[in-house]
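work18.cif (mmCIF, C-alpha atoms and all ligand atoms) appears below.
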data_work
#
loop_
_atom_site.group_PDB
_atom_site.id
_atom_site.type_symbol
_atom_site.label_atom_id
_atom_site.label_comp_id
_atom_site.auth_asym_id
_atom_site.auth_seq_id
_atom_site.Cartn_x
_atom_site.Cartn_y
_atom_site.Cartn_z
ATOM 1 C CA MET M 1 14.569 -16.511 11.113
ATOM 2 C CA ILE M 2 11.694 -15.324 8.967
ATOM 3 C CA PRO M 3 11.666 -17.108 5.577
ATOM 4 C CA ASN M 4 12.687 -14.874 2.634
ATOM 5 C CA VAL M 5 13.538 -11.940 4.914
ATOM 6 C CA ASP M 6 17.108 -10.691 5.317
ATOM 7 C CA PRO M 7 17.569 -9.762 9.000
ATOM 8 C CA ASP M 8 20.606 -7.660 8.065
ATOM 9 C CA SER M 9 18.737 -5.305 5.753
ATOM 10 C CA ILE M 10 18.553 -1.744 7.046
ATOM 11 C CA VAL M 11 15.212 -0.271 8.067
ATOM 12 C CA TYR M 12 14.179 3.102 9.459
ATOM 13 C CA LEU M 13 12.221 3.190 12.706
ATOM 14 C CA ASN M 14 11.416 6.372 14.640
ATOM 15 C CA GLY M 15 14.539 8.303 13.718
ATOM 16 C CA GLU M 16 16.980 5.385 13.703
ATOM 17 C CA TYR M 17 18.475 3.218 10.985
ATOM 18 C CA LEU M 18 18.594 -0.339 12.282
ATOM 19 C CA ARG M 19 19.070 -3.925 11.142
ATOM 20 C CA LEU M 20 15.634 -5.361 10.382
ATOM 21 C CA GLY M 21 16.465 -8.147 12.845
ATOM 22 C CA ASP M 22 16.957 -5.564 15.607
ATOM 23 C CA ALA M 23 13.969 -3.282 14.902
ATOM 24 C CA ARG M 24 11.300 -3.544 17.624
ATOM 25 C CA ILE M 25 7.973 -1.907 18.331
ATOM 26 C CA SER M 26 5.813 -2.123 21.448
ATOM 27 C CA VAL M 27 2.949 -4.612 21.632
ATOM 28 C CA LEU M 28 0.871 -1.558 22.605
ATOM 29 C CA ASP M 29 1.523 0.111 19.263
ATOM 30 C CA ARG M 30 -1.915 0.995 17.880
ATOM 31 C CA GLY M 31 -0.909 -0.384 14.518
ATOM 32 C CA PHE M 32 -0.627 -3.813 16.160
ATOM 33 C CA ILE M 33 -3.593 -3.440 18.517
ATOM 34 C CA PHE M 34 -6.127 -1.720 16.209
ATOM 35 C CA GLY M 35 -4.643 -1.582 12.713
ATOM 36 C CA ASP M 36 -4.668 2.166 13.460
ATOM 37 C CA GLY M 37 -2.285 3.369 10.799
ATOM 38 C CA ILE M 38 -1.623 3.905 7.142
ATOM 39 C CA TYR M 39 1.024 2.852 4.645
ATOM 40 C CA GLU M 40 2.423 3.651 1.235
ATOM 41 C CA VAL M 41 4.507 1.775 -1.324
ATOM 42 C CA VAL M 42 6.817 3.721 -3.646
ATOM 43 C CA PRO M 43 8.524 1.780 -6.446
ATOM 44 C CA ALA M 44 12.008 2.761 -7.591
ATOM 45 C CA TYR M 45 13.749 1.944 -10.845
ATOM 46 C CA GLY M 46 17.503 2.412 -11.233
ATOM 47 C CA ARG M 47 17.340 3.724 -7.623
ATOM 48 C CA LYS M 48 15.032 6.561 -8.697
ATOM 49 C CA PRO M 49 11.587 6.736 -7.088
ATOM 50 C CA PHE M 50 8.706 6.529 -9.572
ATOM 51 C CA ARG M 51 5.822 9.011 -9.216
ATOM 52 C CA MET M 52 7.005 9.842 -5.693
ATOM 53 C CA ASP M 53 4.964 13.066 -5.575
ATOM 54 C CA GLY M 54 1.744 11.170 -6.140
ATOM 55 C CA HIS M 55 2.646 8.527 -3.558
ATOM 56 C CA LEU M 56 3.621 11.089 -0.908
ATOM 57 C CA ALA M 57 0.533 13.214 -1.602
ATOM 58 C CA ARG M 58 -1.577 10.101 -1.018
ATOM 59 C CA LEU M 59 0.376 9.323 2.176
ATOM 60 C CA GLU M 60 -0.391 12.851 3.423
ATOM 61 C CA ARG M 61 -4.074 12.454 2.477
ATOM 62 C CA SER M 62 -4.259 9.115 4.298
ATOM 63 C CA LEU M 63 -2.645 10.621 7.420
ATOM 64 C CA ALA M 64 -4.937 13.660 7.367
ATOM 65 C CA SER M 65 -8.034 11.541 6.885
ATOM 66 C CA ILE M 66 -7.336 9.548 10.064
ATOM 67 C CA LYS M 67 -6.002 12.618 11.911
ATOM 68 C CA ILE M 68 -2.432 11.478 12.491
ATOM 69 C CA ASN M 69 -0.066 14.441 12.609
ATOM 70 C CA VAL M 70 3.594 13.486 12.277
ATOM 71 C CA GLY M 71 4.584 17.126 11.840
ATOM 72 C CA TRP M 72 6.646 16.337 8.741
ATOM 73 C CA GLN M 73 6.779 18.324 5.523
ATOM 74 C CA ARG M 74 6.821 16.771 2.055
ATOM 75 C CA GLY M 75 10.609 17.198 1.939
ATOM 76 C CA ASP M 76 11.034 15.109 5.109
ATOM 77 C CA TRP M 77 9.217 12.165 3.508
ATOM 78 C CA GLU M 78 11.251 12.576 0.325
ATOM 79 C CA LYS M 79 14.478 12.585 2.315
ATOM 80 C CA LEU M 80 13.441 9.421 4.124
ATOM 81 C CA VAL M 81 12.602 7.548 0.896
ATOM 82 C CA VAL M 82 15.658 8.722 -1.026
ATOM 83 C CA GLY M 83 17.928 8.111 1.980
ATOM 84 C CA MET M 84 16.616 4.563 2.317
ATOM 85 C CA LEU M 85 17.047 3.891 -1.421
ATOM 86 C CA ASP M 86 20.695 4.924 -1.000
ATOM 87 C CA ARG M 87 21.195 2.466 1.834
ATOM 88 C CA VAL M 88 20.122 -0.690 0.003
ATOM 89 C CA PRO M 89 21.915 -2.707 -2.683
ATOM 90 C CA PHE M 90 18.897 -2.949 -5.028
ATOM 91 C CA GLU M 91 18.529 -1.181 -8.365
ATOM 92 C CA THR M 92 14.797 -1.934 -8.637
ATOM 93 C CA SER M 93 12.979 -1.795 -5.332
ATOM 94 C CA MET M 94 9.910 -0.897 -3.311
ATOM 95 C CA ALA M 95 10.019 1.538 -0.426
ATOM 96 C CA TYR M 96 7.369 0.610 2.147
ATOM 97 C CA LEU M 97 6.346 3.387 4.542
ATOM 98 C CA GLN M 98 4.086 2.849 7.524
ATOM 99 C CA VAL M 99 2.823 5.319 10.091
ATOM 100 C CA THR M 100 0.698 4.366 13.071
ATOM 101 C CA ARG M 101 -0.888 6.484 15.794
ATOM 102 C CA GLY M 102 1.832 5.288 18.178
ATOM 103 C CA VAL M 103 1.991 3.541 21.545
ATOM 104 C CA ALA M 104 -0.634 4.067 24.260
ATOM 105 C CA LYS M 105 -2.748 2.263 26.858
ATOM 106 C CA ARG M 106 -5.305 0.208 24.924
ATOM 107 C CA ASP M 107 -8.428 2.299 24.374
ATOM 108 C CA HIS M 108 -10.303 2.753 21.109
ATOM 109 C CA ALA M 109 -10.415 6.560 21.237
ATOM 110 C CA PHE M 110 -7.371 8.516 20.114
ATOM 111 C CA PRO M 111 -4.819 8.807 22.957
ATOM 112 C CA ALA M 112 -4.342 12.325 24.330
ATOM 113 C CA GLN M 113 -0.610 11.945 23.935
ATOM 114 C CA ALA M 114 1.105 9.562 21.585
ATOM 115 C CA THR M 115 3.973 9.939 19.184
ATOM 116 C CA PRO M 116 3.273 8.402 15.780
ATOM 117 C CA THR M 117 5.412 5.394 14.872
ATOM 118 C CA VAL M 118 7.205 5.951 11.539
ATOM 119 C CA PHE M 119 8.699 2.945 9.770
ATOM 120 C CA CYS M 120 10.319 2.452 6.373
ATOM 121 C CA MET M 121 11.890 -0.557 4.705
ATOM 122 C CA VAL M 122 13.049 -1.174 1.150
ATOM 123 C CA SER M 123 12.788 -4.552 -0.555
ATOM 124 C CA ALA M 124 14.014 -5.777 -3.900
ATOM 125 C CA PHE M 125 11.313 -5.694 -6.551
ATOM 126 C CA GLU M 126 11.259 -7.977 -9.534
ATOM 127 C CA ARG M 127 9.276 -6.398 -12.337
ATOM 128 C CA PRO M 128 6.562 -8.591 -13.894
ATOM 129 C CA GLY M 129 8.386 -10.706 -16.483
ATOM 130 C CA ALA M 130 7.671 -11.644 -20.067
ATOM 131 C CA ALA M 131 5.482 -14.623 -19.121
ATOM 132 C CA LEU M 132 3.014 -12.467 -17.179
ATOM 133 C CA ARG M 133 3.065 -9.633 -19.703
ATOM 134 C CA GLU M 134 2.603 -11.870 -22.714
ATOM 135 C CA GLN M 135 0.398 -14.631 -21.337
ATOM 136 C CA GLY M 136 -1.632 -12.563 -18.894
ATOM 137 C CA ILE M 137 -3.262 -13.621 -15.651
ATOM 138 C CA ALA M 138 -6.488 -15.207 -14.399
ATOM 139 C CA VAL M 139 -8.958 -13.673 -11.938
ATOM 140 C CA ILE M 140 -12.240 -14.529 -10.251
ATOM 141 C CA SER M 141 -15.042 -12.209 -9.148
ATOM 142 C CA VAL M 142 -15.930 -11.910 -5.451
ATOM 143 C CA PRO M 143 -18.248 -9.662 -3.444
ATOM 144 C CA ASP M 144 -16.512 -6.620 -1.933
ATOM 145 C CA LEU M 145 -16.971 -7.069 1.813
ATOM 146 C CA ARG M 146 -14.675 -4.256 2.921
ATOM 147 C CA TRP M 147 -15.535 -1.074 4.813
ATOM 148 C CA LEU M 148 -16.587 2.197 3.193
ATOM 149 C CA HIS M 149 -13.263 4.049 3.416
ATOM 150 C CA CYS M 150 -11.295 2.165 0.788
ATOM 151 C CA GLU M 151 -9.776 5.492 -0.369
ATOM 152 C CA ILE M 152 -7.567 5.478 2.746
ATOM 153 C CA LYS M 153 -4.450 3.340 2.379
ATOM 154 C CA SER M 154 -5.023 1.850 5.813
ATOM 155 C CA VAL M 155 -2.981 -0.978 7.331
ATOM 156 C CA SER M 156 -6.338 -2.479 8.418
ATOM 157 C CA LEU M 157 -6.297 -4.824 5.430
ATOM 158 C CA LEU M 158 -8.287 -7.815 6.664
ATOM 159 C CA GLY M 159 -10.917 -7.475 3.933
ATOM 160 C CA ASN M 160 -8.200 -7.331 1.265
ATOM 161 C CA VAL M 161 -6.297 -10.225 2.850
ATOM 162 C CA LEU M 162 -9.395 -12.460 2.887
ATOM 163 C CA ALA M 163 -10.220 -11.473 -0.700
ATOM 164 C CA LYS M 164 -6.705 -12.271 -1.919
ATOM 165 C CA GLN M 165 -6.781 -15.656 -0.195
ATOM 166 C CA GLN M 166 -9.895 -16.509 -2.187
ATOM 167 C CA ALA M 167 -7.815 -16.016 -5.340
ATOM 168 C CA VAL M 168 -5.058 -18.260 -3.987
ATOM 169 C CA ASP M 169 -7.581 -20.935 -2.951
ATOM 170 C CA ALA M 170 -9.144 -20.804 -6.440
ATOM 171 C CA GLY M 171 -5.706 -21.149 -8.083
ATOM 172 C CA VAL M 172 -5.884 -17.738 -9.804
ATOM 173 C CA ASP M 173 -3.795 -14.584 -9.508
ATOM 174 C CA GLU M 174 -6.237 -11.959 -8.253
ATOM 175 C CA VAL M 175 -9.841 -11.200 -7.412
ATOM 176 C CA VAL M 176 -12.083 -8.578 -8.953
ATOM 177 C CA GLN M 177 -14.422 -7.211 -6.303
ATOM 178 C CA PHE M 178 -17.977 -5.994 -6.814
ATOM 179 C CA ARG M 179 -20.107 -3.912 -4.471
ATOM 180 C CA ASP M 180 -23.856 -3.891 -5.130
ATOM 181 C CA GLY M 181 -23.217 -5.286 -8.617
ATOM 182 C CA TYR M 182 -20.635 -2.649 -9.596
ATOM 183 C CA LEU M 183 -16.886 -3.011 -10.056
ATOM 184 C CA SER M 184 -14.689 -1.692 -7.260
ATOM 185 C CA GLU M 185 -11.114 -3.042 -7.488
ATOM 186 C CA GLY M 186 -8.790 -5.989 -6.879
ATOM 187 C CA ALA M 187 -7.476 -7.069 -3.473
ATOM 188 C CA SER M 188 -4.359 -4.945 -4.044
ATOM 189 C CA CYS M 189 -4.773 -3.294 -7.447
ATOM 190 C CA ASN M 190 -7.080 -1.202 -9.623
ATOM 191 C CA VAL M 191 -9.098 -2.863 -12.379
ATOM 192 C CA TRP M 192 -9.604 -1.517 -15.920
ATOM 193 C CA VAL M 193 -12.122 -2.532 -18.565
ATOM 194 C CA VAL M 194 -11.893 -2.007 -22.328
ATOM 195 C CA LYS M 195 -15.046 -1.965 -24.436
ATOM 196 C CA ASN M 196 -15.194 -0.912 -28.077
ATOM 197 C CA GLY M 197 -11.827 0.785 -27.814
ATOM 198 C CA THR M 198 -12.760 2.852 -24.718
ATOM 199 C CA LEU M 199 -10.803 2.444 -21.493
ATOM 200 C CA LEU M 200 -13.181 2.386 -18.516
ATOM 201 C CA ALA M 201 -12.322 2.805 -14.843
ATOM 202 C CA PRO M 202 -14.530 2.892 -11.743
ATOM 203 C CA LEU M 203 -15.242 6.286 -10.219
ATOM 204 C CA ARG M 204 -12.619 7.755 -7.916
ATOM 205 C CA ASN M 205 -14.544 7.715 -4.658
ATOM 206 C CA ASN M 206 -14.531 6.101 -1.219
ATOM 207 C CA LEU M 207 -15.140 2.633 -2.685
ATOM 208 C CA ILE M 208 -11.658 2.259 -4.172
ATOM 209 C CA LEU M 209 -8.087 3.177 -3.416
ATOM 210 C CA GLU M 210 -7.129 5.567 -6.167
ATOM 211 C CA GLY M 211 -3.892 4.004 -7.392
ATOM 212 C CA ILE M 212 -1.026 6.222 -8.404
ATOM 213 C CA ARG M 213 -1.309 4.387 -11.699
ATOM 214 C CA TYR M 214 -4.906 5.571 -12.067
ATOM 215 C CA ARG M 215 -3.829 9.038 -13.252
ATOM 216 C CA LEU M 216 -0.850 7.592 -15.053
ATOM 217 C CA LEU M 217 -3.041 5.308 -17.178
ATOM 218 C CA GLU M 218 -5.361 8.223 -17.877
ATOM 219 C CA GLU M 219 -2.354 10.208 -19.139
ATOM 220 C CA LEU M 220 -1.031 7.265 -21.163
ATOM 221 C CA ALA M 221 -4.472 6.694 -22.705
ATOM 222 C CA GLN M 222 -4.680 10.333 -23.695
ATOM 223 C CA ALA M 223 -1.194 10.268 -25.225
ATOM 224 C CA ALA M 224 -2.100 7.124 -27.191
ATOM 225 C CA GLY M 225 -5.436 8.509 -28.423
ATOM 226 C CA ILE M 226 -7.490 6.008 -26.390
ATOM 227 C CA ARG M 227 -10.885 7.284 -25.152
ATOM 228 C CA PHE M 228 -11.127 7.217 -21.353
ATOM 229 C CA GLU M 229 -14.244 7.162 -19.177
ATOM 230 C CA SER M 230 -14.519 7.033 -15.407
ATOM 231 C CA ARG M 231 -17.946 5.755 -14.337
ATOM 232 C CA ARG M 232 -19.857 2.974 -12.595
ATOM 233 C CA ILE M 233 -19.152 -0.347 -14.347
ATOM 234 C CA SER M 234 -21.606 -3.208 -13.964
ATOM 235 C CA GLN M 235 -20.701 -6.854 -13.401
ATOM 236 C CA GLN M 236 -22.153 -7.650 -16.820
ATOM 237 C CA GLU M 237 -19.877 -5.111 -18.505
ATOM 238 C CA VAL M 238 -16.870 -6.750 -16.873
ATOM 239 C CA GLU M 239 -18.063 -10.195 -18.033
ATOM 240 C CA GLN M 240 -18.457 -8.877 -21.585
ATOM 241 C CA ALA M 241 -15.249 -6.818 -21.701
ATOM 242 C CA ASP M 242 -13.016 -6.856 -24.761
ATOM 243 C CA GLU M 243 -10.022 -6.497 -22.458
ATOM 244 C CA LEU M 244 -9.398 -6.386 -18.722
ATOM 245 C CA MET M 245 -6.265 -5.216 -16.960
ATOM 246 C CA LEU M 246 -4.897 -4.546 -13.503
ATOM 247 C CA THR M 247 -2.532 -1.879 -12.219
ATOM 248 C CA SER M 248 -0.504 -1.434 -9.050
ATOM 249 C CA ALA M 249 3.006 -0.426 -8.040
ATOM 250 C CA THR M 250 4.133 -4.077 -8.122
ATOM 251 C CA LYS M 251 1.930 -5.361 -10.954
ATOM 252 C CA GLU M 252 2.590 -2.252 -13.060
ATOM 253 C CA VAL M 253 0.038 -2.999 -15.850
ATOM 254 C CA LEU M 254 -0.976 -6.613 -16.401
ATOM 255 C CA PRO M 255 -3.500 -8.071 -18.823
ATOM 256 C CA VAL M 256 -6.252 -10.376 -17.521
ATOM 257 C CA VAL M 257 -6.940 -13.171 -19.994
ATOM 258 C CA LYS M 258 -9.252 -15.369 -17.926
ATOM 259 C CA TYR M 259 -12.231 -14.192 -15.891
ATOM 260 C CA ASN M 260 -14.160 -16.754 -13.811
ATOM 261 C CA GLY M 261 -12.638 -19.517 -15.966
ATOM 262 C CA LYS M 262 -13.706 -17.942 -19.283
ATOM 263 C CA PRO M 263 -11.467 -16.157 -21.804
ATOM 264 C CA VAL M 264 -11.539 -12.354 -21.768
ATOM 265 C CA GLY M 265 -12.144 -11.136 -25.338
ATOM 266 C CA ALA M 266 -9.874 -13.154 -27.622
ATOM 267 C CA GLY M 267 -8.257 -14.823 -24.581
ATOM 268 C CA ARG M 268 -4.951 -13.006 -24.989
ATOM 269 C CA PRO M 269 -3.596 -9.547 -24.158
ATOM 270 C CA GLY M 270 -5.333 -6.973 -26.356
ATOM 271 C CA PRO M 271 -4.282 -3.906 -28.356
ATOM 272 C CA VAL M 272 -5.248 -1.306 -25.739
ATOM 273 C CA TYR M 273 -3.164 -3.158 -23.148
ATOM 274 C CA ALA M 274 -0.221 -3.271 -25.592
ATOM 275 C CA LYS M 275 -0.329 0.530 -26.038
ATOM 276 C CA LEU M 276 -0.624 1.242 -22.320
ATOM 277 C CA ARG M 277 2.125 -1.267 -21.508
ATOM 278 C CA ALA M 278 4.439 0.418 -24.005
ATOM 279 C CA GLY M 279 3.623 3.813 -22.470
ATOM 280 C CA TYR M 280 4.311 2.484 -18.980
ATOM 281 C CA ASP M 281 7.685 1.047 -19.996
ATOM 282 C CA GLN M 282 8.512 4.361 -21.624
ATOM 283 C CA ALA M 283 7.618 6.263 -18.429
ATOM 284 C CA VAL M 284 9.910 3.963 -16.425
ATOM 285 C CA ALA M 285 12.726 4.201 -18.986
ATOM 286 C CA SER M 286 12.606 7.996 -19.030
ATOM 287 C CA LEU M 287 12.908 8.346 -15.231
HETATM 288 C C1 LIG M 301 -6.679 -1.957 -2.726
HETATM 289 C C2 LIG M 301 -5.728 -1.360 -3.704
HETATM 290 N N1 LIG M 301 -6.215 -0.714 -4.777
HETATM 291 C C3 LIG M 301 -5.398 -0.159 -5.697
HETATM 292 C C4 LIG M 301 -4.011 -0.248 -5.577
HETATM 293 C C5 LIG M 301 -3.133 0.372 -6.624
HETATM 294 O O1 LIG M 301 -2.439 1.482 -6.145
HETATM 295 P P1 LIG M 301 -1.024 1.908 -6.738
HETATM 296 O O2 LIG M 301 -1.182 2.014 -8.232
HETATM 297 O O3 LIG M 301 -0.745 3.215 -6.124
HETATM 298 O O4 LIG M 301 -0.042 0.839 -6.350
HETATM 299 C C6 LIG M 301 -3.464 -0.897 -4.462
HETATM 300 C C7 LIG M 301 -2.000 -0.980 -4.299
HETATM 301 O O5 LIG M 301 -1.490 -1.538 -3.377
HETATM 302 C C8 LIG M 301 -4.335 -1.462 -3.493
HETATM 303 O O6 LIG M 301 -3.855 -2.095 -2.412
#
Can you dump the structure from the file as structure tokens?
Amino acid sequence: MIPNVDPDSIVYLNGEYLRLGDARISVLDRGFIFGDGIYEVVPAYGRKPFRMDGHLARLERSLASIKINVGWQRGDWEKLVVGMLDRVPFETSMAYLQVTRGVAKRDHAFPAQATPTVFCMVSAFERPGAALREQGIAVISVPDLRWLHCEIKSVSLLGNVLAKQQAVDAGVDEVVQFRDGYLSEGASCNVWVVKNGTLLAPLRNNLILEGIRYRLLEELAQAAGIRFESRRISQQEVEQADELMLTSATKEVLPVVKYNGKPVGAGRPGPVYAKLRAGYDQAVASL
């Protein structure tokens, strides 16, 4: 028994729908041996996937960038996600997709012949509640020690895992990572800064994973008349922010009220957050 995991839930593995408790992969799978694979997480509300196009486009980009060819079209991925959402009892959920280079004799170079492993599971997702939305969360800053291809949603997540554990050890909710003195992102989320009414985000490049909420927040800012700038953001600017917030599929948009033990701005969720939060809820409600 694995704590908090239902062995009877249905998962998809290489063309079959199986009980999670019965799904097996080889110890020679390159996902296990090398972390040689990618993943994606698609949230669903009222059983409807949210921003699925963006998520599947990113999945295709991740696959192409590490040269895994599953031979699937966009419609095949959509069918898999929607089919899985139909098979679970949850109204609000997360579809997790993972693709690895497949099973082969252990050797770093790509195998001449291997069939990619395709896996999908859906878990219940509890949206961030009133306490988190209204009271906000605390973060600490840490150096970004990850590799230089953070734009790929790779299952090789050791850097992110170690970063997140630093947050847990410090008794806070997340870390904010900096590379060479400039903001990159959280361990599993994007980070946003508000200064003088302008919403700032780090550049979309190889140093961050461009969240599907990155474009969404840009759109919501535009709709709400909030100025938006994407540029390098120094550590000092983060320390002196009027507001800070985080976005991800599971966090949605959350306000940061404490940074390295000090209050952010007035120490409570700010007005830019409130507008973006309202826009996010509206986007979910109008699915
Ligand atoms: C490192 C990292 N950055 C950013 C994000 C946010 O991406 P999204 O908004 O698509 O969930 C995630 C999400 O898991 C992540 O792991």
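Of the listed residues (M:Val88, M:Leu59, M:Val142, M:Ile33), M:Leu59 comes nearest to ligand LIG 301 (chain M); the distances count all atoms listed in the file.
Among the candidates M:Met121, M:Val42, M:Ala187, M:Val82, the one nearest to Tyr17 of chain M when counting only C-alpha atoms is M:Met121.
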Checklist entry - On this structure, which residues satisfy the PyMOL selection byres (((chain M and resi 232) around 7) and not hetatm), written as an MDAnalysis selection string? => result chainID M and resid 182 202:203 231 233:234
Residues near Trp192 of chain M, cut-off 6 Å, all atoms listed in the file, skip fewer than 6 positions along chain, as a tab-separated table (two decimals) with C-alpha atoms, in the coordinates of the input:
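Contents of the output file part35.tsv:
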chain	number	residue	atom	x	y	z
M	200	LEU	CA	-13.18	2.39	-18.52
M	201	ALA	CA	-12.32	2.80	-14.84
M	244	LEU	CA	-9.40	-6.39	-18.72
M	245	MET	CA	-6.26	-5.22	-16.96
Item to check | the PyMOL selection byres (((chain M and resi 116) around 6) and not hetatm) applied to the shown file, residues as a ChimeraX atom specification | outcome: /M:100-102,115,117
